[in-house]
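Engineer: File follows, upload22.cif with mmCIF, N, CA and C atoms:
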```cif
data_entry
loop_
_atom_site.label_atom_id
_atom_site.label_comp_id
_atom_site.auth_asym_id
_atom_site.auth_seq_id
_atom_site.Cartn_x
_atom_site.Cartn_y
_atom_site.Cartn_z
N MET A 422 100.12 85.20 81.26
CA MET A 422 100.42 85.09 82.68
C MET A 422 100.56 83.62 83.06
N SER A 423 101.54 83.34 83.87
CA SER A 423 101.68 81.96 84.31
C SER A 423 100.65 81.66 85.39
N GLN A 424 100.32 80.40 85.51
CA GLN A 424 99.37 79.97 86.54
C GLN A 424 99.88 80.35 87.93
N ASN A 425 101.20 80.19 88.17
CA ASN A 425 101.77 80.56 89.47
C ASN A 425 101.56 82.04 89.75
N PHE A 426 101.72 82.88 88.73
CA PHE A 426 101.53 84.31 88.93
C PHE A 426 100.08 84.63 89.28
N GLU A 427 99.16 84.00 88.60
CA GLU A 427 97.74 84.24 88.89
C GLU A 427 97.39 83.80 90.31
N GLU A 428 97.87 82.64 90.72
CA GLU A 428 97.62 82.16 92.08
C GLU A 428 98.28 83.08 93.11
N THR A 429 99.49 83.51 92.82
CA THR A 429 100.21 84.40 93.72
C THR A 429 99.48 85.72 93.85
N PHE A 430 99.04 86.28 92.72
CA PHE A 430 98.29 87.53 92.72
C PHE A 430 97.03 87.39 93.59
N LYS A 431 96.30 86.33 93.36
CA LYS A 431 95.05 86.11 94.10
C LYS A 431 95.31 86.05 95.61
N ARG A 432 96.31 85.31 96.00
CA ARG A 432 96.61 85.16 97.43
C ARG A 432 97.09 86.48 98.04
N LEU A 433 97.94 87.21 97.33
CA LEU A 433 98.42 88.50 97.84
C LEU A 433 97.28 89.51 97.92
N ARG A 434 96.38 89.48 96.96
CA ARG A 434 95.23 90.38 97.00
C ARG A 434 94.38 90.12 98.24
N GLU A 435 94.29 88.86 98.65
CA GLU A 435 93.52 88.50 99.85
C GLU A 435 94.08 89.16 101.11
N ILE A 436 95.36 89.44 101.14
CA ILE A 436 95.96 90.11 102.30
C ILE A 436 95.33 91.49 102.48
N PHE A 437 95.06 92.18 101.37
CA PHE A 437 94.47 93.52 101.43
C PHE A 437 92.95 93.51 101.63
N LYS A 438 92.30 92.41 101.31
CA LYS A 438 90.83 92.34 101.31
C LYS A 438 90.18 92.90 102.59
N PRO A 439 90.66 92.54 103.80
CA PRO A 439 90.01 93.06 105.01
C PRO A 439 90.11 94.58 105.17
N LEU A 440 91.00 95.22 104.43
CA LEU A 440 91.20 96.66 104.57
C LEU A 440 90.31 97.48 103.63
N GLU A 441 89.63 96.81 102.72
CA GLU A 441 88.83 97.52 101.72
C GLU A 441 87.76 98.42 102.32
N LYS A 442 87.24 98.05 103.46
CA LYS A 442 86.16 98.87 104.04
C LYS A 442 86.67 100.23 104.53
N ASP A 443 87.98 100.32 104.82
CA ASP A 443 88.56 101.57 105.32
C ASP A 443 89.39 102.31 104.28
N LEU A 444 89.62 101.69 103.14
CA LEU A 444 90.42 102.28 102.08
C LEU A 444 89.60 102.35 100.80
N ALA A 445 90.09 103.08 99.84
CA ALA A 445 89.42 103.21 98.54
C ALA A 445 90.13 102.33 97.52
N ILE A 446 89.36 101.64 96.71
CA ILE A 446 89.93 100.80 95.66
C ILE A 446 90.16 101.68 94.42
N LYS A 447 91.40 101.75 93.99
CA LYS A 447 91.75 102.52 92.79
C LYS A 447 91.64 101.65 91.54
N PHE A 448 92.19 100.45 91.61
CA PHE A 448 92.09 99.48 90.53
C PHE A 448 91.74 98.13 91.12
N ASP A 449 90.87 97.40 90.45
CA ASP A 449 90.57 96.02 90.81
C ASP A 449 90.23 95.30 89.50
N GLU A 450 91.29 94.90 88.83
CA GLU A 450 91.15 94.25 87.53
C GLU A 450 92.14 93.09 87.47
N PRO A 451 92.02 92.24 86.49
CA PRO A 451 92.96 91.11 86.41
C PRO A 451 94.41 91.60 86.36
N GLY A 452 95.19 91.16 87.33
CA GLY A 452 96.61 91.49 87.37
C GLY A 452 96.96 92.83 87.96
N LYS A 453 95.98 93.60 88.43
CA LYS A 453 96.26 94.94 88.97
C LYS A 453 95.22 95.31 90.03
N TYR A 454 95.70 95.60 91.22
CA TYR A 454 94.82 95.92 92.34
C TYR A 454 95.54 96.93 93.23
N TYR A 455 94.94 98.12 93.41
CA TYR A 455 95.55 99.18 94.23
C TYR A 455 94.54 99.71 95.24
N LEU A 456 95.02 100.02 96.42
CA LEU A 456 94.22 100.65 97.47
C LEU A 456 94.80 102.01 97.83
N LEU A 457 93.91 102.96 98.08
CA LEU A 457 94.30 104.31 98.48
C LEU A 457 93.64 104.65 99.81
N SER A 458 94.25 105.58 100.52
CA SER A 458 93.59 106.15 101.68
C SER A 458 92.40 106.97 101.20
N LYS A 459 91.38 107.07 102.02
CA LYS A 459 90.24 107.92 101.65
C LYS A 459 90.54 109.39 101.95
N LYS A 460 91.63 109.63 102.68
CA LYS A 460 92.06 111.01 102.96
C LYS A 460 93.05 111.44 101.90
N LEU A 461 93.16 112.74 101.72
CA LEU A 461 94.15 113.31 100.83
C LEU A 461 95.31 113.87 101.65
N ASN A 462 96.48 113.97 101.04
CA ASN A 462 97.60 114.56 101.77
C ASN A 462 97.46 116.08 101.80
N GLU A 463 98.44 116.76 102.38
CA GLU A 463 98.35 118.21 102.52
C GLU A 463 98.32 118.94 101.18
N LYS A 464 98.75 118.29 100.12
CA LYS A 464 98.70 118.88 98.78
C LYS A 464 97.43 118.47 98.03
N LYS A 465 96.48 117.87 98.76
CA LYS A 465 95.21 117.42 98.19
C LYS A 465 95.39 116.31 97.16
N GLN A 466 96.42 115.48 97.37
CA GLN A 466 96.69 114.35 96.50
C GLN A 466 96.31 113.06 97.21
N GLU A 467 96.01 112.04 96.40
CA GLU A 467 95.69 110.72 96.94
C GLU A 467 96.92 110.14 97.66
N ILE A 468 96.66 109.39 98.71
CA ILE A 468 97.72 108.68 99.42
C ILE A 468 97.57 107.21 99.09
N TRP A 469 98.52 106.68 98.38
CA TRP A 469 98.50 105.28 97.98
C TRP A 469 98.88 104.43 99.18
N PHE A 470 98.07 103.42 99.51
CA PHE A 470 98.38 102.52 100.62
C PHE A 470 99.16 101.30 100.12
N GLY A 471 98.70 100.69 99.05
CA GLY A 471 99.40 99.51 98.56
C GLY A 471 98.70 98.90 97.36
N GLY A 472 99.29 97.82 96.90
CA GLY A 472 98.69 97.15 95.76
C GLY A 472 99.45 95.90 95.38
N VAL A 473 98.86 95.18 94.45
CA VAL A 473 99.44 93.96 93.91
C VAL A 473 99.35 94.08 92.39
N GLU A 474 100.44 93.70 91.72
CA GLU A 474 100.44 93.79 90.27
C GLU A 474 101.28 92.67 89.68
N ILE A 475 100.75 92.06 88.64
CA ILE A 475 101.50 91.04 87.92
C ILE A 475 102.40 91.75 86.92
N LYS A 476 103.68 91.51 87.04
CA LYS A 476 104.67 92.05 86.12
C LYS A 476 105.15 90.93 85.20
N LYS A 477 106.12 91.21 84.35
CA LYS A 477 106.61 90.21 83.40
C LYS A 477 107.26 89.01 84.09
N ASN A 478 108.07 89.27 85.12
CA ASN A 478 108.86 88.20 85.73
C ASN A 478 108.49 87.87 87.17
N TYR A 479 107.50 88.54 87.73
CA TYR A 479 107.12 88.32 89.13
C TYR A 479 105.82 89.04 89.43
N VAL A 480 105.32 88.81 90.64
CA VAL A 480 104.15 89.53 91.14
C VAL A 480 104.65 90.45 92.24
N SER A 481 104.33 91.73 92.13
CA SER A 481 104.78 92.72 93.10
C SER A 481 103.69 93.04 94.11
N PHE A 482 104.10 93.14 95.36
CA PHE A 482 103.23 93.55 96.46
C PHE A 482 103.81 94.84 97.00
N HIS A 483 103.10 95.94 96.80
CA HIS A 483 103.56 97.26 97.25
C HIS A 483 102.89 97.61 98.57
N LEU A 484 103.68 98.06 99.52
CA LEU A 484 103.17 98.46 100.83
C LEU A 484 103.75 99.83 101.16
N VAL A 485 103.07 100.87 100.69
CA VAL A 485 103.57 102.24 100.72
C VAL A 485 103.83 102.79 102.13
N PRO A 486 103.11 102.37 103.17
CA PRO A 486 103.45 102.89 104.49
C PRO A 486 104.92 102.70 104.88
N LEU A 487 105.58 101.74 104.25
CA LEU A 487 107.00 101.51 104.55
C LEU A 487 107.86 102.68 104.10
N TYR A 488 107.41 103.44 103.09
CA TYR A 488 108.12 104.66 102.70
C TYR A 488 108.05 105.70 103.81
N PHE A 489 106.86 105.86 104.36
CA PHE A 489 106.64 106.86 105.40
C PHE A 489 107.24 106.43 106.74
N PHE A 490 107.17 105.14 107.02
CA PHE A 490 107.56 104.62 108.33
C PHE A 490 108.47 103.40 108.17
N PRO A 491 109.73 103.62 107.77
CA PRO A 491 110.65 102.49 107.53
C PRO A 491 110.91 101.65 108.78
N GLU A 492 110.62 102.20 109.93
CA GLU A 492 110.80 101.43 111.17
C GLU A 492 109.87 100.21 111.23
N LEU A 493 108.84 100.19 110.41
CA LEU A 493 107.96 99.02 110.34
C LEU A 493 108.73 97.77 109.87
N LEU A 494 109.84 98.00 109.20
CA LEU A 494 110.65 96.88 108.70
C LEU A 494 111.59 96.30 109.76
N ASP A 495 111.73 97.00 110.88
CA ASP A 495 112.62 96.52 111.94
C ASP A 495 112.17 95.15 112.41
N GLY A 496 113.06 94.20 112.35
CA GLY A 496 112.77 92.86 112.87
C GLY A 496 111.92 91.98 111.97
N ILE A 497 111.74 92.35 110.71
CA ILE A 497 110.95 91.45 109.85
C ILE A 497 111.75 90.16 109.62
N PRO A 498 111.06 89.06 109.43
CA PRO A 498 111.76 87.78 109.22
C PRO A 498 112.66 87.83 107.98
N PRO A 499 113.79 87.13 108.03
CA PRO A 499 114.75 87.13 106.92
C PRO A 499 114.15 86.67 105.59
N GLU A 500 113.24 85.69 105.64
CA GLU A 500 112.65 85.20 104.39
C GLU A 500 111.80 86.28 103.71
N LEU A 501 111.15 87.12 104.49
CA LEU A 501 110.39 88.23 103.93
C LEU A 501 111.34 89.32 103.45
N LYS A 502 112.36 89.61 104.22
CA LYS A 502 113.31 90.66 103.85
C LYS A 502 114.01 90.33 102.53
N LYS A 503 114.26 89.05 102.26
CA LYS A 503 114.90 88.65 101.00
C LYS A 503 114.06 89.04 99.79
N ARG A 504 112.78 89.19 99.98
CA ARG A 504 111.88 89.51 98.86
C ARG A 504 111.68 91.01 98.67
N LEU A 505 112.22 91.80 99.59
CA LEU A 505 112.08 93.25 99.53
C LEU A 505 113.00 93.83 98.46
N THR A 506 112.40 94.59 97.56
CA THR A 506 113.17 95.33 96.56
C THR A 506 112.82 96.79 96.74
N GLY A 507 113.80 97.63 96.81
CA GLY A 507 113.53 99.03 97.09
C GLY A 507 113.09 99.19 98.53
N LYS A 508 112.26 100.19 98.77
CA LYS A 508 111.84 100.49 100.14
C LYS A 508 110.50 99.87 100.52
N ALA A 509 109.68 99.52 99.53
CA ALA A 509 108.32 99.12 99.89
C ALA A 509 107.70 98.11 98.94
N CYS A 510 108.50 97.33 98.27
CA CYS A 510 107.97 96.38 97.29
C CYS A 510 108.56 95.00 97.56
N PHE A 511 107.68 94.01 97.55
CA PHE A 511 108.08 92.62 97.73
C PHE A 511 107.69 91.87 96.46
N ASN A 512 108.61 91.06 95.94
CA ASN A 512 108.35 90.33 94.70
C ASN A 512 108.27 88.83 94.93
N PHE A 513 107.35 88.19 94.19
CA PHE A 513 107.10 86.75 94.32
C PHE A 513 106.91 86.13 92.95
N LYS A 514 107.35 84.89 92.80
CA LYS A 514 107.11 84.14 91.57
C LYS A 514 106.09 83.04 91.78
N ARG A 515 105.87 82.67 93.03
CA ARG A 515 104.89 81.62 93.35
C ARG A 515 104.41 81.85 94.78
N PRO A 516 103.29 81.27 95.14
CA PRO A 516 102.80 81.41 96.51
C PRO A 516 103.78 80.84 97.53
N ASP A 517 103.89 81.51 98.65
CA ASP A 517 104.74 81.06 99.76
C ASP A 517 103.99 81.42 101.05
N GLU A 518 103.20 80.49 101.53
CA GLU A 518 102.29 80.78 102.64
C GLU A 518 102.98 81.26 103.90
N ALA A 519 104.15 80.73 104.21
CA ALA A 519 104.86 81.18 105.42
C ALA A 519 105.26 82.65 105.28
N VAL A 520 105.77 83.02 104.13
CA VAL A 520 106.15 84.42 103.91
C VAL A 520 104.90 85.29 103.80
N PHE A 521 103.85 84.77 103.19
CA PHE A 521 102.61 85.54 103.09
C PHE A 521 102.03 85.84 104.47
N ALA A 522 102.17 84.92 105.41
CA ALA A 522 101.70 85.17 106.78
C ALA A 522 102.48 86.32 107.41
N ASP A 523 103.78 86.35 107.20
CA ASP A 523 104.60 87.45 107.71
C ASP A 523 104.22 88.77 107.03
N LEU A 524 103.96 88.71 105.74
CA LEU A 524 103.57 89.91 104.99
C LEU A 524 102.20 90.41 105.45
N GLU A 525 101.32 89.49 105.77
CA GLU A 525 100.01 89.88 106.28
C GLU A 525 100.15 90.61 107.62
N ASN A 526 101.01 90.12 108.49
CA ASN A 526 101.25 90.80 109.77
C ASN A 526 101.85 92.19 109.55
N LEU A 527 102.78 92.31 108.62
CA LEU A 527 103.39 93.60 108.31
C LEU A 527 102.34 94.56 107.72
N THR A 528 101.45 94.04 106.90
CA THR A 528 100.39 94.86 106.32
C THR A 528 99.45 95.38 107.40
N LYS A 529 99.09 94.53 108.35
CA LYS A 529 98.24 94.96 109.46
C LYS A 529 98.93 96.03 110.28
N ALA A 530 100.21 95.85 110.57
CA ALA A 530 100.97 96.86 111.34
C ALA A 530 101.05 98.17 110.56
N SER A 531 101.21 98.08 109.25
CA SER A 531 101.26 99.28 108.41
C SER A 531 99.93 100.01 108.41
N PHE A 532 98.86 99.26 108.33
CA PHE A 532 97.52 99.87 108.38
C PHE A 532 97.31 100.57 109.71
N GLU A 533 97.69 99.92 110.79
CA GLU A 533 97.53 100.53 112.12
C GLU A 533 98.37 101.80 112.25
N MET A 534 99.56 101.81 111.68
CA MET A 534 100.39 103.02 111.71
C MET A 534 99.72 104.14 110.93
N PHE A 535 99.16 103.84 109.77
CA PHE A 535 98.42 104.84 109.00
C PHE A 535 97.25 105.36 109.83
N ARG A 536 96.57 104.47 110.52
CA ARG A 536 95.42 104.88 111.33
C ARG A 536 95.88 105.78 112.49
N GLN A 537 96.94 105.40 113.17
CA GLN A 537 97.46 106.19 114.30
C GLN A 537 97.89 107.59 113.84
N LYS A 538 98.45 107.67 112.65
CA LYS A 538 98.92 108.95 112.11
C LYS A 538 97.83 109.70 111.37
N GLU A 539 96.60 109.19 111.49
CA GLU A 539 95.42 109.81 110.87
C GLU A 539 95.58 109.99 109.36
N MET A 540 96.14 108.97 108.73
CA MET A 540 96.30 108.99 107.28
C MET A 540 95.21 108.18 106.59
N ILE A 541 94.28 107.65 107.38
CA ILE A 541 93.17 106.88 106.83
C ILE A 541 91.88 107.57 107.21
#
```
Could you quickly redo this structure as structure tokens?
Structural biologist:
Amino acid sequence: MSQNFEETFKRLREIFKPLEKDLAIKFDEPGKYYLLSKKLNEKKQEIWFGGVEIKKNYVSFHLVPLYFFPELLDGIPPELKKRLTGKACFNFKRPDEAVFADLENLTKASFEMFRQKEMI
């Protein structure tokens, strides 16, 4: 793992840290960190909230509420949108504090949407 990836992983993991008291930690190991809702869906399956994972070429930040509520992406800053791959994954090669601040705001909004929809 490159030093940039480790630093990026650490910083992105910090975005999720305040949510740990309301979510369940699925993985918390070097290079892999996932959070789940403590509630199950109607099929009695876990609801994944998000996670951070070091991949071969980047660090991925997954924010699953964006699958359920794509309107959360309306009006996100262009610099954050450039990092979006697929519907709910943002990729980084190095820390970017300005983009991380926007991602932190989006994560808080996503958490609140999950709370409002009683998914937490």
Engineer: Which is closer to Phe521 in chain A than all the others in A:Ile436, A:Tyr488, A:Tyr454, A:Gln424, using only N, CA and C atoms?
Structural biologist: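 Result for the nearest residue to Phe521 in chain A: A:Ile436.
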Engineer: Suppose you want the space between CA of Pro491 in chain A and CA of Phe532 in chain A; what is it in Å?
Structural biologist: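 So the answer is 13.4 Å.
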Engineer: Evaluate the PyMOL selection byres (((chain A and resi 425 and name CA) around 10) and name CA) and record the selected residues as a PDB file with N, CA and C atoms, in the frame of the given file, following the chain and residue labels used in the document.
Structural biologist:
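That gives us expr.pdb:
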```
ATOM      1  N   MET A 422     100.120  85.200  81.260  1.00  0.00           N
ATOM      2  CA  MET A 422     100.420  85.090  82.680  1.00  0.00           C
ATOM      3  C   MET A 422     100.560  83.620  83.060  1.00  0.00           C
ATOM      4  N   SER A 423     101.540  83.340  83.870  1.00  0.00           N
ATOM      5  CA  SER A 423     101.680  81.960  84.310  1.00  0.00           C
ATOM      6  C   SER A 423     100.650  81.660  85.390  1.00  0.00           C
ATOM      7  N   GLN A 424     100.320  80.400  85.510  1.00  0.00           N
ATOM      8  CA  GLN A 424      99.370  79.970  86.540  1.00  0.00           C
ATOM      9  C   GLN A 424      99.880  80.350  87.930  1.00  0.00           C
ATOM     10  N   PHE A 426     101.720  82.880  88.730  1.00  0.00           N
ATOM     11  CA  PHE A 426     101.530  84.310  88.930  1.00  0.00           C
ATOM     12  C   PHE A 426     100.080  84.630  89.280  1.00  0.00           C
ATOM     13  N   GLU A 427      99.160  84.000  88.600  1.00  0.00           N
ATOM     14  CA  GLU A 427      97.740  84.240  88.890  1.00  0.00           C
ATOM     15  C   GLU A 427      97.390  83.800  90.310  1.00  0.00           C
ATOM     16  N   GLU A 428      97.870  82.640  90.720  1.00  0.00           N
ATOM     17  CA  GLU A 428      97.620  82.160  92.080  1.00  0.00           C
ATOM     18  C   GLU A 428      98.280  83.080  93.110  1.00  0.00           C
ATOM     19  N   THR A 429      99.490  83.510  92.820  1.00  0.00           N
ATOM     20  CA  THR A 429     100.210  84.400  93.720  1.00  0.00           C
ATOM     21  C   THR A 429      99.480  85.720  93.850  1.00  0.00           C
ATOM     22  N   PHE A 430      99.040  86.280  92.720  1.00  0.00           N
ATOM     23  CA  PHE A 430      98.290  87.530  92.720  1.00  0.00           C
ATOM     24  C   PHE A 430      97.030  87.390  93.590  1.00  0.00           C
ATOM     25  N   LYS A 431      96.300  86.330  93.360  1.00  0.00           N
ATOM     26  CA  LYS A 431      95.050  86.110  94.100  1.00  0.00           C
ATOM     27  C   LYS A 431      95.310  86.050  95.610  1.00  0.00           C
ATOM     28  N   TYR A 479     107.500  88.540  87.730  1.00  0.00           N
ATOM     29  CA  TYR A 479     107.120  88.320  89.130  1.00  0.00           C
ATOM     30  C   TYR A 479     105.820  89.040  89.430  1.00  0.00           C
ATOM     31  N   VAL A 480     105.320  88.810  90.640  1.00  0.00           N
ATOM     32  CA  VAL A 480     104.150  89.530  91.140  1.00  0.00           C
ATOM     33  C   VAL A 480     104.650  90.450  92.240  1.00  0.00           C
ATOM     34  N   PHE A 513     107.350  88.190  94.190  1.00  0.00           N
ATOM     35  CA  PHE A 513     107.100  86.750  94.320  1.00  0.00           C
ATOM     36  C   PHE A 513     106.910  86.130  92.950  1.00  0.00           C
ATOM     37  N   LYS A 514     107.350  84.890  92.800  1.00  0.00           N
ATOM     38  CA  LYS A 514     107.110  84.140  91.570  1.00  0.00           C
ATOM     39  C   LYS A 514     106.090  83.040  91.780  1.00  0.00           C
ATOM     40  N   ARG A 515     105.870  82.670  93.030  1.00  0.00           N
ATOM     41  CA  ARG A 515     104.890  81.620  93.350  1.00  0.00           C
ATOM     42  C   ARG A 515     104.410  81.850  94.780  1.00  0.00           C
ATOM     43  N   PRO A 516     103.290  81.270  95.140  1.00  0.00           N
ATOM     44  CA  PRO A 516     102.800  81.410  96.510  1.00  0.00           C
ATOM     45  C   PRO A 516     103.780  80.840  97.530  1.00  0.00           C
TER      46      PRO A 516
END
```
Engineer: Quick one: residues within 9 Å of Leu527 in chain A, only C-alpha atoms, excluding same-chain residues fewer than 5 positions away - as a PyMOL selection string?
Structural biologist: chain A and resi 484+493-494+497+522+532
Engineer: Could you tell me how far atom N of Ser458 in chain A sits from atom C of Asp443 in chain A, in Å to one decimal place?
Structural biologist: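 Distance between the two atoms: 7.0 Å.
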Engineer: Please determine, counting only N, CA and C atoms, which residue among A:Ile475, A:Leu487, A:Leu440, A:Met540 has the shortest atom-to-atom distance to Lys459 in chain A.
Structural biologist: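 Going through A:Ile475, A:Leu487, A:Leu440, A:Met540 one by one, the smallest distance to Lys459 in chain A is for A:Met540.
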Engineer: Distance CA of Leu501 in chain A-CA of Ala519 in chain A, one decimal place?
Structural biologist: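 It comes out at 9.1 Å.
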Engineer: Translate the PyMOL selection byres (((chain A and resi 473 and name CA) around 8) and name CA), as applied to the file shown, into an explicit residue set as a PyMOL selection string.
Structural biologist: chain A and resi 430+433-434+452-455+471-472+474-475+480-483
Engineer: Identify, with DSSP run on backbone atoms, the residues in chain A assigned to helix (DSSP H, G or I), and express the list as a ChimeraX atom specification.
Structural biologist: /A:424-440,486-489,491-494,499-502,518-537
Engineer: When the PyMOL selection byres (((chain A and resi 468 and name CA) around 10) and name CA) is applied to the structure above, which residues does it catch, written out as a count of residues only?
Structural biologist: 18
Engineer: Pick out each residue of chain A that DSSP on the backbone tags as strand (DSSP E); I need them as a ChimeraX atom specification.
Structural biologist: /A:444-450,453-461,467-475,480-484,505-506,510-513
Engineer: From the set A:Asp523, A:Glu539, A:Glu492, A:Asp517, which residue has the shortest atom-to-atom contact distance to Arg432 in chain A, counting only C-alpha atoms?
Structural biologist: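 Of A:Asp523, A:Glu539, A:Glu492, A:Asp517, the one nearest Arg432 in chain A is A:Asp517, counting only C-alpha atoms.
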Engineer: What would range 431-442 of chain A look like with N, CA, C and O atoms in place, written as an mmCIF file, in the frame of the given file?
Structural biologist:
```cif
data_model
loop_
_atom_site.group_PDB
_atom_site.id
_atom_site.type_symbol
_atom_site.label_atom_id
_atom_site.label_comp_id
_atom_site.auth_asym_id
_atom_site.auth_seq_id
_atom_site.Cartn_x
_atom_site.Cartn_y
_atom_site.Cartn_z
ATOM 1 N N LYS A 431 96.300 86.330 93.360
ATOM 2 C CA LYS A 431 95.050 86.110 94.100
ATOM 3 C C LYS A 431 95.310 86.050 95.610
ATOM 4 O O LYS A 431 94.601 86.686 96.398
ATOM 5 N N ARG A 432 96.310 85.310 96.000
ATOM 6 C CA ARG A 432 96.610 85.160 97.430
ATOM 7 C C ARG A 432 97.090 86.480 98.040
ATOM 8 O O ARG A 432 96.694 86.844 99.139
ATOM 9 N N LEU A 433 97.940 87.210 97.330
ATOM 10 C CA LEU A 433 98.420 88.500 97.840
ATOM 11 C C LEU A 433 97.280 89.510 97.920
ATOM 12 O O LEU A 433 97.208 90.300 98.868
ATOM 13 N N ARG A 434 96.380 89.480 96.960
ATOM 14 C CA ARG A 434 95.230 90.380 97.000
ATOM 15 C C ARG A 434 94.380 90.120 98.240
ATOM 16 O O ARG A 434 93.833 91.036 98.843
ATOM 17 N N GLU A 435 94.290 88.860 98.650
ATOM 18 C CA GLU A 435 93.520 88.500 99.850
ATOM 19 C C GLU A 435 94.080 89.160 101.110
ATOM 20 O O GLU A 435 93.320 89.405 102.049
ATOM 21 N N ILE A 436 95.360 89.440 101.140
ATOM 22 C CA ILE A 436 95.960 90.110 102.300
ATOM 23 C C ILE A 436 95.330 91.490 102.480
ATOM 24 O O ILE A 436 95.086 91.940 103.596
ATOM 25 N N PHE A 437 95.060 92.180 101.370
ATOM 26 C CA PHE A 437 94.470 93.520 101.430
ATOM 27 C C PHE A 437 92.950 93.510 101.630
ATOM 28 O O PHE A 437 92.380 94.514 102.040
ATOM 29 N N LYS A 438 92.300 92.410 101.310
ATOM 30 C CA LYS A 438 90.830 92.340 101.310
ATOM 31 C C LYS A 438 90.180 92.900 102.590
ATOM 32 O O LYS A 438 89.245 93.699 102.495
ATOM 33 N N PRO A 439 90.660 92.540 103.800
ATOM 34 C CA PRO A 439 90.010 93.060 105.010
ATOM 35 C C PRO A 439 90.110 94.580 105.170
ATOM 36 O O PRO A 439 89.370 95.169 105.954
ATOM 37 N N LEU A 440 91.000 95.220 104.430
ATOM 38 C CA LEU A 440 91.200 96.660 104.570
ATOM 39 C C LEU A 440 90.310 97.480 103.630
ATOM 40 O O LEU A 440 90.248 98.701 103.759
ATOM 41 N N GLU A 441 89.630 96.810 102.720
ATOM 42 C CA GLU A 441 88.830 97.520 101.720
ATOM 43 C C GLU A 441 87.760 98.420 102.320
ATOM 44 O O GLU A 441 87.452 99.459 101.755
ATOM 45 N N LYS A 442 87.240 98.050 103.460
ATOM 46 C CA LYS A 442 86.160 98.870 104.040
ATOM 47 C C LYS A 442 86.670 100.230 104.530
ATOM 48 O O LYS A 442 85.909 101.184 104.619
#
```
